[in-house]
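**Student:** Here it is, the structure, as structure tokens.
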Amino acid sequence: AIKKTPLNITNAENGLDVFKNYYKIKNERLFVLPQYVVIEKVMLDKEKIREKFTIPSNAIVIGMISHYREEKFQELLIEAFSVINSKVNIHLVLLGNKDNNESAFKKFDLLKKLINKLNLSDKVSLLSGVPVQEVLNILDIGVLVSEIEGTPNVLMEYMTYGLPVVVTNHKGCNFLLGDSEFLIPNIKLILVDKLEKLVENDLLREKEGHNNLEKIKGYTPKIYFERLETILKKTI
């Protein structure tokens, strides 16, 4: 079926690896087409949301919105956060859904234990089932560290809200961010360094957020379907 299919489209470069390396499909039949932004940007009352989650109004909020799954590295972020926590006024928000399945609940419980072990319970909000727009409205820095990604929806959401980001250097993230210095390997010291740079420099956060907002403007439904039509015309 794969060999007879006239074209193969994935949302990130790494999605083509199996077609190239295993099935030996020619490059002219392979295309990368990232999805468009599906979330609607909604501006909410930041101060009320901060009060809801007991976050100081003057704290810089770092956040990671991601499933509570084994391949998502919230632990790495918590450990990096613990290194810089005493140096600056920051707060960490983690959002997922612990009720997705048993493994998600176990991961949530492990994260809770790690937060308590590091004495960070008053500095980390471990959330589940909260509307994603609420968290996006209060973040100053978006983070996504993980083992594997395609083109992550959450990274596109961070960018839509004009946030500076620190993310693992997966091909899909690289496609969105280009040559950003905040694409990193999953190494704690590097994550600490990049977070410190953003936390300590208001102008850098503003600049990175603006750049990300400009980059994501090309990912609308209209542009997506124009690109899809171009691909189809080439092959069918």
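If you're wondering about the labels, chains in the structure tokens are A, B, ... by order shown, residues count from 1 in each chain, ligands from 1 in order shown.
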I want to know what sits within 10 Å of A:Phe108, based on only C-alpha atoms, with residues of the same chain fewer than 2 positions away left out; could you give that as a list in words?
**Tutor:**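 Here the answer would be His67, Tyr68, Arg69, Gln74, Leu94, Leu95, Gly96, Asn97, Lys98, Asp99, Glu102, Ser103, Ala104, Phe105, Lys106, Leu110, Leu111, Lys112, Lys113, Leu114, Leu126, Leu127 and Ser128 of chain A.
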**Student:** Put those residues in a file: C-alpha atoms, as a JSON list (two decimals), in the first residue's frame.
**Tutor:**
```
[["chain", "number", "residue", "atom", "x", "y", "z"],
["A", 67, "HIS", "CA", 0.65, 15.17, 28.52],
["A", 68, "TYR", "CA", 1.71, 13.38, 31.68],
["A", 69, "ARG", "CA", 3.52, 10.64, 29.79],
["A", 74, "GLN", "CA", 8.61, 17.43, 33.22],
["A", 94, "LEU", "CA", 2.84, 22.28, 34.75],
["A", 95, "LEU", "CA", -0.40, 21.41, 32.98],
["A", 96, "GLY", "CA", -1.66, 18.06, 31.71],
["A", 97, "ASN", "CA", -4.52, 15.67, 32.39],
["A", 98, "LYS", "CA", -3.84, 13.12, 35.09],
["A", 99, "ASP", "CA", -7.16, 11.38, 34.37],
["A", 102, "GLU", "CA", -3.51, 4.99, 34.70],
["A", 103, "SER", "CA", -0.02, 5.84, 33.44],
["A", 104, "ALA", "CA", -0.89, 9.55, 33.36],
["A", 105, "PHE", "CA", -2.05, 9.38, 36.99],
["A", 106, "LYS", "CA", 1.16, 7.60, 37.98],
["A", 110, "LEU", "CA", 5.64, 10.96, 40.63],
["A", 111, "LEU", "CA", 5.91, 14.63, 39.72],
["A", 112, "LYS", "CA", 4.08, 15.60, 42.90],
["A", 113, "LYS", "CA", 6.52, 13.54, 44.98],
["A", 114, "LEU", "CA", 9.51, 15.11, 43.21],
["A", 126, "LEU", "CA", 1.00, 21.02, 39.22],
["A", 127, "LEU", "CA", -2.31, 21.24, 37.37],
["A", 128, "SER", "CA", -4.73, 18.86, 35.69]]
```
**Student:** Which residues come within 12 Å of A:Ile190, counting only C-alpha atoms, excluding same-chain residues fewer than 5 positions away, as a list of chain:residue names?
**Tutor:**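 Near A:Ile190, the qualifying residues are A:Leu76, A:Leu77, A:Ala80, A:Phe81, A:Val83, A:Val145, A:Val166, A:Val167, A:Thr168, A:Glu181, A:Phe182, A:Leu183, A:Ile184, A:Pro185, A:Leu195, A:Glu196, A:Lys197.
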**Student:** Identify, with DSSP run on backbone atoms, the residues in stretch 121-222 of chain A assigned to alpha helix (DSSP H), and express the list as JSON, numbers by chain.
**Tutor:** {"A": [132, 133, 134, 135, 136, 137, 138, 153, 154, 155, 156, 157, 158, 159, 160, 171, 172, 173, 174, 175, 176, 177, 188, 189, 190, 191, 192, 193, 194, 195, 196, 197, 198, 199, 202, 203, 204, 205, 206, 207, 208, 209, 210, 211, 212, 213, 214, 215, 216, 221, 222]}
**Student:** Output the selection as a compact mmCIF listing (two decimals), in the first residue's frame - N, CA and C atoms for each residue.
**Tutor:**
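Final file, part.txt:
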```txt
# COMPACT_ATOMS: atom_id res chain seq x y z
N VAL A 132 -6.53 25.26 28.82
CA VAL A 132 -5.18 25.62 28.41
C VAL A 132 -5.02 27.13 28.23
N GLN A 133 -6.09 27.82 27.83
CA GLN A 133 -5.99 29.27 27.64
C GLN A 133 -5.68 30.00 28.94
N GLU A 134 -6.15 29.46 30.06
CA GLU A 134 -5.85 30.09 31.35
C GLU A 134 -4.35 30.10 31.62
N VAL A 135 -3.71 28.96 31.36
CA VAL A 135 -2.27 28.86 31.61
C VAL A 135 -1.49 29.70 30.59
N LEU A 136 -1.89 29.65 29.33
CA LEU A 136 -1.20 30.43 28.30
C LEU A 136 -1.22 31.93 28.62
N ASN A 137 -2.28 32.38 29.26
CA ASN A 137 -2.41 33.80 29.58
C ASN A 137 -1.46 34.27 30.67
N ILE A 138 -1.00 33.36 31.51
CA ILE A 138 -0.15 33.80 32.63
C ILE A 138 1.32 33.45 32.44
N ASN A 153 1.77 20.87 18.76
CA ASN A 153 0.71 21.87 18.86
C ASN A 153 1.00 22.89 19.95
N VAL A 154 1.53 22.41 21.07
CA VAL A 154 1.73 23.34 22.19
C VAL A 154 2.79 24.39 21.87
N LEU A 155 3.80 24.04 21.10
CA LEU A 155 4.79 25.03 20.70
C LEU A 155 4.13 26.09 19.82
N MET A 156 3.25 25.65 18.93
CA MET A 156 2.52 26.59 18.09
C MET A 156 1.63 27.50 18.94
N GLU A 157 1.08 26.94 20.01
CA GLU A 157 0.24 27.74 20.91
C GLU A 157 1.07 28.76 21.68
N TYR A 158 2.24 28.34 22.19
CA TYR A 158 3.14 29.29 22.85
C TYR A 158 3.44 30.46 21.91
N MET A 159 3.77 30.14 20.67
CA MET A 159 4.15 31.16 19.69
C MET A 159 2.97 32.08 19.38
N THR A 160 1.78 31.51 19.30
CA THR A 160 0.57 32.30 19.03
C THR A 160 0.34 33.32 20.13
N LYS A 171 13.10 17.86 15.12
CA LYS A 171 13.02 18.42 13.77
C LYS A 171 11.79 19.30 13.59
N GLY A 172 10.65 18.90 14.17
CA GLY A 172 9.45 19.71 14.05
C GLY A 172 9.57 21.04 14.74
N CYS A 173 10.26 21.06 15.89
CA CYS A 173 10.49 22.32 16.62
C CYS A 173 11.44 23.21 15.83
N ASN A 174 12.47 22.59 15.26
CA ASN A 174 13.43 23.32 14.45
C ASN A 174 12.76 23.94 13.23
N PHE A 175 11.82 23.22 12.64
CA PHE A 175 11.09 23.73 11.47
C PHE A 175 10.35 25.01 11.82
N LEU A 176 9.77 25.07 13.01
CA LEU A 176 9.02 26.25 13.43
C LEU A 176 9.91 27.40 13.86
N LEU A 177 10.99 27.09 14.55
CA LEU A 177 11.80 28.13 15.20
C LEU A 177 13.06 28.51 14.43
N LYS A 188 20.30 19.12 31.56
CA LYS A 188 19.84 20.03 32.61
C LYS A 188 20.62 21.34 32.65
N LEU A 189 21.94 21.28 32.56
CA LEU A 189 22.75 22.49 32.67
C LEU A 189 22.44 23.47 31.54
N ILE A 190 22.16 22.93 30.35
CA ILE A 190 21.84 23.80 29.22
C ILE A 190 20.45 24.41 29.42
N LEU A 191 19.52 23.61 29.89
CA LEU A 191 18.18 24.12 30.17
C LEU A 191 18.24 25.21 31.23
N VAL A 192 19.02 25.00 32.27
CA VAL A 192 19.20 26.01 33.31
C VAL A 192 19.74 27.30 32.71
N ASP A 193 20.77 27.18 31.87
CA ASP A 193 21.40 28.35 31.27
C ASP A 193 20.41 29.16 30.43
N LYS A 194 19.62 28.48 29.61
CA LYS A 194 18.67 29.17 28.72
C LYS A 194 17.54 29.81 29.51
N LEU A 195 17.06 29.13 30.53
CA LEU A 195 16.01 29.70 31.37
C LEU A 195 16.53 30.93 32.10
N GLU A 196 17.74 30.85 32.63
CA GLU A 196 18.32 32.00 33.33
C GLU A 196 18.45 33.20 32.40
N LYS A 197 18.88 32.96 31.16
CA LYS A 197 19.01 34.05 30.20
C LYS A 197 17.69 34.78 30.01
N LEU A 198 16.61 34.03 29.86
CA LEU A 198 15.31 34.64 29.63
C LEU A 198 14.74 35.27 30.89
N VAL A 199 14.91 34.60 32.00
CA VAL A 199 14.37 35.12 33.26
C VAL A 199 15.02 36.46 33.62
N ASP A 202 14.39 41.06 30.54
CA ASP A 202 13.04 41.38 30.08
C ASP A 202 13.01 41.67 28.58
N LEU A 203 14.01 42.38 28.08
CA LEU A 203 14.04 42.74 26.67
C LEU A 203 14.23 41.52 25.78
N LEU A 204 15.03 40.57 26.25
CA LEU A 204 15.24 39.34 25.48
C LEU A 204 13.95 38.54 25.39
N ARG A 205 13.22 38.47 26.50
CA ARG A 205 11.94 37.75 26.48
C ARG A 205 10.98 38.41 25.48
N GLU A 206 10.94 39.74 25.52
CA GLU A 206 10.05 40.47 24.61
C GLU A 206 10.46 40.24 23.15
N LYS A 207 11.75 40.29 22.88
CA LYS A 207 12.25 40.10 21.52
C LYS A 207 11.95 38.69 21.01
N GLU A 208 12.24 37.68 21.83
CA GLU A 208 11.99 36.30 21.43
C GLU A 208 10.51 36.05 21.22
N GLY A 209 9.69 36.58 22.11
CA GLY A 209 8.24 36.41 21.98
C GLY A 209 7.72 37.04 20.70
N HIS A 210 8.22 38.23 20.38
CA HIS A 210 7.79 38.91 19.14
C HIS A 210 8.22 38.11 17.91
N ASN A 211 9.46 37.63 17.92
CA ASN A 211 9.95 36.83 16.79
C ASN A 211 9.10 35.58 16.59
N ASN A 212 8.75 34.92 17.69
CA ASN A 212 7.94 33.70 17.60
C ASN A 212 6.54 33.99 17.08
N LEU A 213 5.98 35.10 17.50
CA LEU A 213 4.66 35.50 17.03
C LEU A 213 4.67 35.75 15.53
N GLU A 214 5.72 36.38 15.03
CA GLU A 214 5.83 36.64 13.59
C GLU A 214 5.98 35.34 12.81
N LYS A 215 6.78 34.41 13.35
CA LYS A 215 7.01 33.14 12.65
C LYS A 215 5.74 32.31 12.53
N ILE A 216 4.88 32.35 13.53
CA ILE A 216 3.71 31.48 13.53
C ILE A 216 2.58 32.03 12.67
N PRO A 221 -5.22 28.18 8.66
CA PRO A 221 -5.92 27.20 7.81
C PRO A 221 -5.82 27.54 6.32
N LYS A 222 -5.97 28.82 5.99
CA LYS A 222 -5.92 29.24 4.58
C LYS A 222 -4.59 28.87 3.93
```
**Student:** Rounded to one decimal place, report the atom CA of A:Glu79-atom CA of A:Ile39 distance in Å.
**Tutor:**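 Answer for the atom CA of A:Glu79 to atom CA of A:Ile39 separation: 29.7 Å.
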**Student:** What gap, in Å, lies between atom CA of A:Asp17 and atom CA of A:Leu33?
**Tutor:**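 Atom CA of A:Asp17 sits 14.7 Å away from atom CA of A:Leu33.
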**Student:** Counting only C-alpha atoms, which residue out of A:Gly178, A:Pro34, A:Gly162, A:Gly15 sits closest to A:Arg227?
**Tutor:**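 Of the candidates, the smallest distance to A:Arg227 is held by A:Pro34.
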**Student:** Using only C-alpha atoms for the distances, tell me which of A:Pro131, A:Pro56, A:Gly142, A:Pro6 is nearest to A:Asn27.
**Tutor:**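 For A:Asn27, the nearest of the given residues is A:Pro6.
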**Student:** What gap, in Å, lies between atom CA of A:Tyr224 and atom CA of A:Tyr161?
**Tutor:**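 Answer for the atom CA of A:Tyr224 to atom CA of A:Tyr161 separation: 19.7 Å.
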**Student:** Residues within 9 Å of A:His91, please, as a PyMOL selection string. Count only C-alpha atoms; anything in the same chain fewer than 3 positions from it doesn't count.
**Tutor:** chain A and resi 55-56+59-63+81+85+122-125
**Student:** Identify which of the residues A:Val42, A:Ile148, A:Leu228, A:Leu163 lies closest to A:Glu70, counting only C-alpha atoms when measuring atom-to-atom distances.
**Tutor:**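 Closest to A:Glu70 of all the choices is A:Ile148.
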**Student:** Run DSSP on the backbone and give me the residues of stretch 65-224 of chain A it puts in strand (DSSP E or B), as JSON, numbers by chain.
**Tutor:** {"A": [65, 72, 90, 91, 92, 93, 94, 95, 96, 124, 125, 126, 127, 128, 141, 142, 143, 144, 146, 165, 166, 167, 168, 183, 184]}
**Student:** Pick the closest to A:Lys26 from A:His170, A:Lys72, A:Lys107, A:Lys3: which is it, counting only C-alpha atoms?
**Tutor:**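 Smallest distance to A:Lys26 is found for A:Lys3.
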